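S.K.: I am attaching a structure below and will ask some questions about it afterwards.
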Amino acid sequence: MKFRLQSSVFALTMGLALSGMTAQPVWAQDNDEAAEDFQLDNIIVTAQRRSKSVQDTSAAISAFTGENLENERILSFEELAGSATSLSFTALSPLDQEFNIRGITNTRLDSPSADQSIGIFFDDVYVGRSGLFNFDMYDIGRVEVVRGPQGVLLGRNVVGGAISIYAAEPEFETSGQVSASYGNYGEVLTNGHITGAITDSLAGRFSFQARKRNGFNEDILHNVDLDNVDSVQFRTQLLFQPENSDFSAKLGFDYTKDESNGFHSVAIDDPFPGQGGWSLARELVSAGLGRTLSLRESLPEWPRYKGDAQETPQQLDREAFGISLKLENDFDFATLTAITGFRQGDAFNLYDQTGIGPDNGFGFSVLPPTFSFPVNETEEIKQFSQEIRLVSAPVDQGFDWIIGGYLQRDHVNKQDKFWAETPLPIPTLNGESHWNNLAENRSYAAFAQVGYRFNDQFRVVGGLRYTKDEKSGVVTAIAVEGGDQFSPNDQVALTPIAGTFSEGDFFTTEYGEDWGELTPQVTLEFEPNENMFLYATYSSGYKGGGFEDDPANPAAARAGYDPENVDNYEIGGKFDFMGNRARINLAAFYMKYQNLQVTQTNAQCLCNITDNAADADIRGFEVEGEFLLTDGLVLSGGLTYLDTEYIDFVDSLGRDASGNFLQRTPDYQFNVSVDYETDLGDWQDGLRAHLGYSHQGKMFWAPENTNFEDAYGTLDGRLSVTPNGGDLTVSLWGRNLTDKLYRTNIIAFFGDEVSRLSAPRTYGASVAVKF
């Protein structure tokens with residue numbers, strides 16, 4: 001008999017990369033004893049390409065089961081960050097998601113030739129463009145958040161860490177579940193799955209989710225809500241597993257489509273002397289309306305592009321699908337695995353960067369010194385990847401090994417339309433410019449790892465990977481139109497190509513470069529007894545270079561930025577005690593981060609410039625813990641503390657950020673959760689409760705360390721009742737129960753902080769039926 005409790009990872013993220021906690025304690029009862037002997041169990045992970053317990057893996061891992069995600073109602077990467085040690089999340093837009101692990105992140109780096117600092121993998125297939133992989137986490141088997149550079153084994157080489165998502169597997173026993181949920185803001189969510197045998201050797205699984213929700217914010221100029229959700233997703237899997245055979249094959253297909261009215265931006269006067277034009281414009285509109293605009297109200301301007309009869313509404317539309325095939329065969333000496341992946345997607349995103357412009361709709365023909373500069377981006381991607389690896393059978397003593405190869409090829413076509421207007425006498429701030437950037441990215445890698453086990457207690461492992469990246473493409477920039485309604489006779493092209501081209505002029509430029517890198521890793525493992533696991537590791541990571549998204553001229557188009565590298569030195573320990581009723585995992589690390597790729601807005605040209613602007617030192621420690629306090633009551637949590645510093649950081653504009661704290665990196669994070677399960681009257685295990693609190697410290701938004709987000713915390717909870725131990729569960733849930741308002745992104749812009757806001761308090765009820 002088993003009692004299973006949800007618990008969020010004790011993400012005491014403090015810089016000690018606590019190598020792997022189970023995110024879900026399991027209570028196991030020994031029926032041979034009169035007294036119940038409950039204890040914590042482990043999640044099996046495959047981050048090191050062998051199926052091992054988190055507690056026996058020499059890496060810093062936070063692992064979540066699908067039950068964890070459901071109990072904490074984690075649907076998105078942003079929500080996952082609240083429970084995963086050392087993981088934080090920011091986003092300029094839904095297509096520009098920024099994951100941060102231990103201070104390593106890519107900020108506003110959405111060029112078609114750019115790589116991610118934190119790798120996203122779905123069923124071991126690397127997802128190169130995270131903005132086109134945004135389906136909710138539904139019917140998931142487990143999630144592994146691996147901290148630190150993964151330079152040898154984990155598919156594509158990643159510099160900061162990886163988030164690996166695994167779908168729930170097909171099963172030969174027929175079962176299923178359907179659930180429905182209703183929440184505030186009119187949210188309706190339905191999902192479910194069914195799995196079972198098709199033949200004696202073929203099993204299938206079908207999963208789906210549909211979600212619709214009104215927006216948290218409002219466009220009062222056009223009377224539409226913003227940050228709304230309307231999505232549909234499904235997944236189909238087939239597992240071929242012949243009886244009495246060592247061969248298996250799994251074919252998977254996933255699809256997602258979502259759309260919304262776009263997202264909300266609000267200009268907030270920054271803390272320095274002088275007020276920005278956009279926050280002042282909001283004050284004038286407030287005066288005209290006779291009330292103060294809420295931070296959740298904005299007036300985004302819809303552009304009218306040349307040749308169009310009407311304005312184009314702000315919006316986001318995405319559609320993507322993926323196909324994967326995993327072939328595996330066990331031999332006496334090793335297991336051979338081949339993973340083939342193909343992903344394709346397209347997206348259209350239009351948003352007003354400042355949330356208010358010269359056309360305000362409330363009687364003001366000219367607002368204070370402002371300009372409108374909406375962003376219009378279309379992205380199409382095709383990605384193919386192939387990984388082959390051979391993993392030796394486990395040994396009690398002697399050598400074990402892994403060898404393999406990897407290749408990936410991406411075709412990315414990104415189109416940007418810049419449109420601007422202003423009542424100011426600035427010729428470069430009106431008109432329209434377009435970019436069409438077509439990139440082809442290839443990556444090849446060969447890797448090998450050899451371990452030697454001296455005895456049951458001591459093992460040494462060494463690995464090496466060679467990666468070759470080739471990136472090329474062609475970009476066309478067109479000065480479509482000069483002038484606007486305020487200056488119709490001004491024919492100077494819109495920035496950033498202004499001053500060089502007049503209306504109708506264009507340039508087309510090819511670009512290309514290749515890079516190669518060796519990334520080694522050495523690890524010592526020591527297991528004094530079955531309840532203690534210690535490790536020390538040196539690892540390195542690498543992220544390829546790239547080219548600008550919307551260059552100002554041919555020279556800028558051809559001038560790429562170089563790869564970045566990180567060297568990681570880490571020690572960690574994993575400890576079970578009190579009869580496996582308590583667990584603490586610790587890790588401490590020092591990382592030398594070199595040639596950071598930093599994208600910043602240049603106020604002179606109103607363009608983004610990416611530099612290899614800095615080196616950085618990152619020191620930290622992490623603690624994660626789980627404690628079975630009494631039968632049915634589990635306390636878990638985690639803490640991270642970071643000490644980071646830019647070294648010799650002088651960007652292309654001459655700005656010196658040397659000695660500053662790394663951008664978009666909280667100096668500390670922690671989360672704590674309580675899970676309780678008990679009988680409810682005669683209903684065995686009829687009541688389950690979860691309460692979780694996550695908190696992050698002060699965070700600077702840019703390398704200058706002038707604009708920042710104060711420390712904040714959020715509280716989530718869920719209460720579930722399962723009558724009579726049956727297949728029906730009714731739940732009440734809530735996220736951000738204290739309705740804490742914080743920002744998920746800001747850009748400092750001419751005296752204002754142009755901000756994106758967090759989700760408010762959300763709550764609702766759900767019903768789930770198993771069959």
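Note on naming: chains are A, B, ... as they come in the structure tokens, residues start from 1 per chain, ligands start from 1 in the order shown.
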Which residues are close to region 736-738 of chain A, i.e. within 10 Å by only C-alpha atoms, leaving aside same-chain residues fewer than 5 positions away? Reply as a list in words.
M.R.: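 Near neighbours after the sequence-gap exclusion: Gly692, Tyr693, Ser694, Gly713, Thr714, Leu715, Asp716, Gly717, Ser758, Ala759, Pro760, Arg761, Thr762 and Tyr763 of chain A.
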S.K.: List every residue of region 138-241 of chain A that has an atom at most 12 Å from any atom of region 577-589 of chain A, giving for each one its closest atom pair and the distance in Å to one decimal, counting only C-alpha atoms, sorted by chain and then by ascending residue number, as JSON lines.
M.R.:
{"residue": "A:Arg147", "atom": "CA", "partner": "A:Ala587", "partner_atom": "CA", "distance": 10.5}
{"residue": "A:Gly148", "atom": "CA", "partner": "A:Phe589", "partner_atom": "CA", "distance": 9.0}
{"residue": "A:Pro149", "atom": "CA", "partner": "A:Phe589", "partner_atom": "CA", "distance": 11.6}
S.K.: Convert the current residue selection to file output with N, CA and C atoms, as a compact mmCIF listing (two decimals), in the first residue's frame.
M.R.:
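What follows is the written file selection.txt:
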# COMPACT_ATOMS: atom_id res chain seq x y z
N ARG A 147 21.21 22.05 -13.39
CA ARG A 147 21.90 23.32 -13.18
C ARG A 147 23.39 23.17 -13.49
N GLY A 148 23.93 24.23 -14.09
CA GLY A 148 25.33 24.24 -14.47
C GLY A 148 25.50 23.83 -15.92
N PRO A 149 26.68 24.14 -16.50
CA PRO A 149 26.91 23.85 -17.92
C PRO A 149 26.83 22.36 -18.22
S.K.: Would you write out, as CSV, a table of all residues in region 220-323 of chain A that have an atom no more than 10 Å from an atom of region 73-96 of chain A, listing for each the closest atom pair and the distance in Å to one decimal, considering only C-alpha atoms and ordering rows by chain and rising residue number?
M.R.:
residue,atom,partner,partner_atom,distance
A:Asp227,CA,A:Pro94,CA,9.9
A:Gly262,CA,A:Pro94,CA,9.1
A:Phe263,CA,A:Ser93,CA,7.6
A:His264,CA,A:Ser93,CA,9.7
A:Ser265,CA,A:Leu92,CA,9.9
A:Leu316,CA,A:Pro94,CA,8.4
A:Arg318,CA,A:Leu95,CA,9.3
S.K.: Where in region 432-530 of chain A does DSSP assign strand (DSSP E or B), given as a JSON list (two decimals) with N, CA and C atoms, in the first residue's frame?
M.R.:
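Below is the file that was written, states-v2.json:
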[["chain", "number", "residue", "atom", "x", "y", "z"],
["A", 432, "GLU", "N", 8.87, 54.02, -41.84],
["A", 432, "GLU", "CA", 8.74, 52.56, -41.77],
["A", 432, "GLU", "C", 9.97, 51.90, -42.39],
["A", 433, "SER", "N", 10.49, 50.89, -41.69],
["A", 433, "SER", "CA", 11.62, 50.11, -42.20],
["A", 433, "SER", "C", 11.33, 48.63, -41.98],
["A", 434, "HIS", "N", 11.83, 47.79, -42.89],
["A", 434, "HIS", "CA", 11.62, 46.35, -42.81],
["A", 434, "HIS", "C", 12.96, 45.62, -42.83],
["A", 435, "TRP", "N", 12.99, 44.45, -42.17],
["A", 435, "TRP", "CA", 14.12, 43.53, -42.27],
["A", 435, "TRP", "C", 13.60, 42.14, -42.56],
["A", 436, "ASN", "N", 14.26, 41.45, -43.47],
["A", 436, "ASN", "CA", 14.00, 40.04, -43.73],
["A", 436, "ASN", "C", 15.31, 39.29, -43.51],
["A", 437, "ASN", "N", 15.37, 38.47, -42.48],
["A", 437, "ASN", "CA", 16.60, 37.82, -42.08],
["A", 437, "ASN", "C", 16.42, 36.31, -42.16],
["A", 438, "LEU", "N", 17.12, 35.68, -43.09],
["A", 438, "LEU", "CA", 17.02, 34.25, -43.31],
["A", 438, "LEU", "C", 18.34, 33.61, -42.90],
["A", 439, "ALA", "N", 18.29, 32.76, -41.87],
["A", 439, "ALA", "CA", 19.50, 32.15, -41.34],
["A", 439, "ALA", "C", 19.44, 30.63, -41.47],
["A", 440, "GLU", "N", 20.60, 30.04, -41.70],
["A", 440, "GLU", "CA", 20.75, 28.59, -41.68],
["A", 440, "GLU", "C", 21.85, 28.27, -40.68],
["A", 441, "ASN", "N", 21.48, 27.48, -39.67],
["A", 441, "ASN", "CA", 22.41, 27.16, -38.59],
["A", 441, "ASN", "C", 22.64, 25.65, -38.56],
["A", 442, "ARG", "N", 23.90, 25.27, -38.52],
["A", 442, "ARG", "CA", 24.25, 23.85, -38.41],
["A", 442, "ARG", "C", 25.15, 23.65, -37.20],
["A", 443, "SER", "N", 24.89, 22.56, -36.48],
["A", 443, "SER", "CA", 25.73, 22.21, -35.34],
["A", 443, "SER", "C", 26.05, 20.72, -35.40],
["A", 444, "TYR", "N", 27.32, 20.39, -35.21],
["A", 444, "TYR", "CA", 27.78, 19.00, -35.21],
["A", 444, "TYR", "C", 28.55, 18.76, -33.91],
["A", 445, "ALA", "N", 28.43, 17.57, -33.36],
["A", 445, "ALA", "CA", 29.17, 17.28, -32.14],
["A", 445, "ALA", "C", 29.47, 15.78, -32.05],
["A", 446, "ALA", "N", 30.61, 15.47, -31.45],
["A", 446, "ALA", "CA", 30.96, 14.10, -31.07],
["A", 446, "ALA", "C", 31.37, 14.13, -29.61],
["A", 447, "PHE", "N", 30.93, 13.14, -28.85],
["A", 447, "PHE", "CA", 31.21, 13.15, -27.42],
["A", 447, "PHE", "C", 31.53, 11.75, -26.92],
["A", 448, "ALA", "N", 32.28, 11.72, -25.83],
["A", 448, "ALA", "CA", 32.65, 10.45, -25.21],
["A", 448, "ALA", "C", 32.88, 10.67, -23.73],
["A", 449, "GLN", "N", 32.55, 9.66, -22.95],
["A", 449, "GLN", "CA", 32.76, 9.70, -21.50],
["A", 449, "GLN", "C", 33.22, 8.33, -21.05],
["A", 450, "VAL", "N", 34.21, 8.32, -20.17],
["A", 450, "VAL", "CA", 34.74, 7.08, -19.62],
["A", 450, "VAL", "C", 34.77, 7.20, -18.11],
["A", 451, "GLY", "N", 34.22, 6.22, -17.43],
["A", 451, "GLY", "CA", 34.25, 6.18, -15.98],
["A", 451, "GLY", "C", 34.96, 4.93, -15.50],
["A", 452, "TYR", "N", 35.56, 5.03, -14.32],
["A", 452, "TYR", "CA", 36.16, 3.83, -13.72],
["A", 452, "TYR", "C", 35.67, 3.71, -12.29],
["A", 453, "ARG", "N", 35.04, 2.58, -11.98],
["A", 453, "ARG", "CA", 34.54, 2.32, -10.64],
["A", 453, "ARG", "C", 35.55, 1.45, -9.90],
["A", 458, "PHE", "N", 33.65, 4.41, -4.69],
["A", 458, "PHE", "CA", 34.42, 5.44, -5.37],
["A", 458, "PHE", "C", 34.43, 5.22, -6.88],
["A", 459, "ARG", "N", 34.16, 6.33, -7.62],
["A", 459, "ARG", "CA", 34.15, 6.29, -9.08],
["A", 459, "ARG", "C", 34.68, 7.62, -9.60],
["A", 460, "VAL", "N", 35.44, 7.57, -10.68],
["A", 460, "VAL", "CA", 35.93, 8.77, -11.34],
["A", 460, "VAL", "C", 35.45, 8.75, -12.78],
["A", 461, "VAL", "N", 35.04, 9.90, -13.30],
["A", 461, "VAL", "CA", 34.44, 9.99, -14.64],
["A", 461, "VAL", "C", 35.08, 11.16, -15.38],
["A", 462, "GLY", "N", 35.42, 10.94, -16.65],
["A", 462, "GLY", "CA", 35.92, 12.01, -17.49],
["A", 462, "GLY", "C", 35.23, 12.00, -18.84],
["A", 463, "GLY", "N", 34.91, 13.18, -19.37],
["A", 463, "GLY", "CA", 34.22, 13.25, -20.65],
["A", 463, "GLY", "C", 34.72, 14.41, -21.48],
["A", 464, "LEU", "N", 34.49, 14.32, -22.79],
["A", 464, "LEU", "CA", 34.94, 15.36, -23.71],
["A", 464, "LEU", "C", 33.96, 15.44, -24.87],
["A", 465, "ARG", "N", 33.67, 16.67, -25.29],
["A", 465, "ARG", "CA", 32.79, 16.89, -26.42],
["A", 465, "ARG", "C", 33.43, 17.92, -27.34],
["A", 466, "TYR", "N", 33.36, 17.66, -28.64],
["A", 466, "TYR", "CA", 33.78, 18.66, -29.61],
["A", 466, "TYR", "C", 32.55, 19.10, -30.38],
["A", 467, "THR", "N", 32.35, 20.42, -30.43],
["A", 467, "THR", "CA", 31.19, 21.01, -31.11],
["A", 467, "THR", "C", 31.66, 21.93, -32.22],
["A", 468, "LYS", "N", 31.03, 21.81, -33.37],
["A", 468, "LYS", "CA", 31.31, 22.70, -34.50],
["A", 468, "LYS", "C", 29.99, 23.36, -34.91],
["A", 469, "ASP", "N", 29.97, 24.70, -34.87],
["A", 469, "ASP", "CA", 28.80, 25.46, -35.28],
["A", 469, "ASP", "C", 29.09, 26.23, -36.55],
["A", 470, "GLU", "N", 28.17, 26.15, -37.51],
["A", 470, "GLU", "CA", 28.26, 26.91, -38.75],
["A", 470, "GLU", "C", 26.98, 27.72, -38.91],
["A", 471, "LYS", "N", 27.14, 29.03, -39.04],
["A", 471, "LYS", "CA", 25.97, 29.90, -39.15],
["A", 471, "LYS", "C", 26.15, 30.83, -40.33],
["A", 472, "SER", "N", 25.12, 30.90, -41.15],
["A", 472, "SER", "CA", 25.18, 31.76, -42.33],
["A", 472, "SER", "C", 23.77, 32.24, -42.64],
["A", 473, "GLY", "N", 23.70, 33.27, -43.47],
["A", 473, "GLY", "CA", 22.39, 33.77, -43.83],
["A", 473, "GLY", "C", 22.48, 34.98, -44.72],
["A", 474, "VAL", "N", 21.33, 35.54, -44.99],
["A", 474, "VAL", "CA", 21.25, 36.75, -45.80],
["A", 474, "VAL", "C", 20.17, 37.64, -45.19],
["A", 475, "VAL", "N", 20.48, 38.92, -45.06],
["A", 475, "VAL", "CA", 19.54, 39.87, -44.47],
["A", 475, "VAL", "C", 19.32, 41.01, -45.45],
["A", 476, "THR", "N", 18.06, 41.39, -45.60],
["A", 476, "THR", "CA", 17.68, 42.53, -46.44],
["A", 476, "THR", "C", 16.99, 43.56, -45.57],
["A", 477, "ALA", "N", 17.46, 44.80, -45.65],
["A", 477, "ALA", "CA", 16.84, 45.91, -44.94],
["A", 477, "ALA", "C", 16.29, 46.91, -45.94],
["A", 478, "ILE", "N", 15.06, 47.35, -45.74],
["A", 478, "ILE", "CA", 14.39, 48.23, -46.69],
["A", 478, "ILE", "C", 13.88, 49.47, -45.98],
["A", 479, "ALA", "N", 14.26, 50.62, -46.46],
["A", 479, "ALA", "CA", 13.70, 51.88, -45.98],
["A", 479, "ALA", "C", 12.37, 52.10, -46.71],
["A", 480, "VAL", "N", 11.29, 51.58, -46.16],
["A", 480, "VAL", "CA", 10.01, 51.51, -46.86],
["A", 480, "VAL", "C", 9.40, 52.89, -47.07],
["A", 481, "GLU", "N", 9.38, 53.70, -46.01],
["A", 481, "GLU", "CA", 8.69, 54.98, -46.10],
["A", 481, "GLU", "C", 9.28, 55.95, -45.08],
["A", 482, "GLY", "N", 9.35, 57.21, -45.45],
["A", 482, "GLY", "CA", 9.71, 58.27, -44.52],
["A", 482, "GLY", "C", 8.50, 59.12, -44.22],
["A", 492, "VAL", "N", 13.38, 61.15, -44.62],
["A", 492, "VAL", "CA", 14.53, 60.45, -44.04],
["A", 492, "VAL", "C", 14.06, 59.10, -43.51],
["A", 502, "SER", "N", 17.42, 56.61, -48.25],
["A", 502, "SER", "CA", 16.17, 57.35, -48.39],
["A", 502, "SER", "C", 15.07, 56.37, -48.74],
["A", 506, "PHE", "N", 17.35, 50.01, -50.25],
["A", 506, "PHE", "CA", 17.52, 48.79, -49.46],
["A", 506, "PHE", "C", 18.95, 48.30, -49.62],
["A", 507, "PHE", "N", 19.34, 47.40, -48.71],
["A", 507, "PHE", "CA", 20.59, 46.68, -48.88],
["A", 507, "PHE", "C", 20.35, 45.21, -48.56],
["A", 508, "THR", "N", 21.07, 44.36, -49.25],
["A", 508, "THR", "CA", 21.05, 42.92, -49.01],
["A", 508, "THR", "C", 22.47, 42.46, -48.77],
["A", 509, "THR", "N", 22.68, 41.75, -47.67],
["A", 509, "THR", "CA", 24.03, 41.37, -47.29],
["A", 509, "THR", "C", 24.04, 39.92, -46.80],
["A", 510, "GLU", "N", 25.01, 39.17, -47.26],
["A", 510, "GLU", "CA", 25.23, 37.83, -46.74],
["A", 510, "GLU", "C", 26.16, 37.89, -45.53],
["A", 511, "TYR", "N", 25.96, 36.96, -44.62],
["A", 511, "TYR", "CA", 26.84, 36.86, -43.46],
["A", 511, "TYR", "C", 27.13, 35.38, -43.18],
["A", 512, "GLY", "N", 28.17, 35.12, -42.44],
["A", 512, "GLY", "CA", 28.49, 33.74, -42.11],
["A", 512, "GLY", "C", 29.79, 33.61, -41.34],
["A", 513, "GLU", "N", 29.84, 32.60, -40.49],
["A", 513, "GLU", "CA", 31.04, 32.30, -39.74],
["A", 513, "GLU", "C", 30.85, 30.93, -39.09],
["A", 514, "ASP", "N", 31.96, 30.30, -38.70],
["A", 514, "ASP", "CA", 31.88, 29.04, -37.97],
["A", 514, "ASP", "C", 32.82, 29.07, -36.79],
["A", 515, "TRP", "N", 32.46, 28.28, -35.78],
["A", 515, "TRP", "CA", 33.23, 28.21, -34.55],
["A", 515, "TRP", "C", 33.32, 26.75, -34.10],
["A", 516, "GLY", "N", 34.36, 26.41, -33.39],
["A", 516, "GLY", "CA", 34.52, 25.07, -32.84],
["A", 516, "GLY", "C", 35.02, 25.15, -31.41],
["A", 517, "GLU", "N", 34.66, 24.16, -30.58],
["A", 517, "GLU", "CA", 35.03, 24.22, -29.17],
["A", 517, "GLU", "C", 35.09, 22.82, -28.58],
["A", 518, "LEU", "N", 36.13, 22.58, -27.74],
["A", 518, "LEU", "CA", 36.23, 21.38, -26.91],
["A", 518, "LEU", "C", 35.73, 21.71, -25.51],
["A", 519, "THR", "N", 34.83, 20.90, -24.98],
["A", 519, "THR", "CA", 34.30, 21.13, -23.63],
["A", 519, "THR", "C", 34.50, 19.86, -22.81],
["A", 520, "PRO", "N", 35.43, 19.89, -21.86],
["A", 520, "PRO", "CA", 35.70, 18.71, -21.03],
["A", 520, "PRO", "C", 34.88, 18.71, -19.74],
["A", 521, "GLN", "N", 34.85, 17.57, -19.08],
["A", 521, "GLN", "CA", 34.23, 17.44, -17.77],
["A", 521, "GLN", "C", 34.92, 16.31, -17.02],
["A", 522, "VAL", "N", 35.21, 16.54, -15.73],
["A", 522, "VAL", "CA", 35.82, 15.53, -14.86],
["A", 522, "VAL", "C", 35.04, 15.53, -13.55],
["A", 523, "THR", "N", 34.66, 14.34, -13.06],
["A", 523, "THR", "CA", 33.86, 14.23, -11.85],
["A", 523, "THR", "C", 34.39, 13.12, -10.97],
["A", 524, "LEU", "N", 34.45, 13.38, -9.68],
["A", 524, "LEU", "CA", 34.76, 12.36, -8.67],
["A", 524, "LEU", "C", 33.51, 12.09, -7.86],
["A", 525, "GLU", "N", 33.16, 10.81, -7.70],
["A", 525, "GLU", "CA", 31.99, 10.41, -6.93],
["A", 525, "GLU", "C", 32.42, 9.54, -5.75],
["A", 526, "PHE", "N", 31.88, 9.85, -4.57],
["A", 526, "PHE", "CA", 32.21, 9.09, -3.37],
["A", 526, "PHE", "C", 30.93, 8.82, -2.60],
["A", 527, "GLU", "N", 30.66, 7.55, -2.34],
["A", 527, "GLU", "CA", 29.44, 7.14, -1.66],
["A", 527, "GLU", "C", 29.82, 6.34, -0.41],
["A", 528, "PRO", "N", 30.05, 7.03, 0.74],
["A", 528, "PRO", "CA", 30.49, 6.32, 1.95],
["A", 528, "PRO", "C", 29.51, 5.26, 2.41],
["A", 529, "ASN", "N", 28.20, 5.54, 2.25],
["A", 529, "ASN", "CA", 27.17, 4.56, 2.61],
["A", 529, "ASN", "C", 25.95, 4.84, 1.77]]
S.K.: Pull the closest atom pair for each residue of region 32-66 of chain A that gets at most 12 Å from region 324-337 of chain A, along with the distance in Å to one decimal, counting only C-alpha atoms, ordering rows by chain and then ascending residue number, as JSON lines.
M.R.:
{"residue": "A:Arg49", "atom": "CA", "partner": "A:Thr337", "partner_atom": "CA", "distance": 10.1}
{"residue": "A:Arg50", "atom": "CA", "partner": "A:Thr335", "partner_atom": "CA", "distance": 10.0}
{"residue": "A:Ser51", "atom": "CA", "partner": "A:Thr335", "partner_atom": "CA", "distance": 11.9}
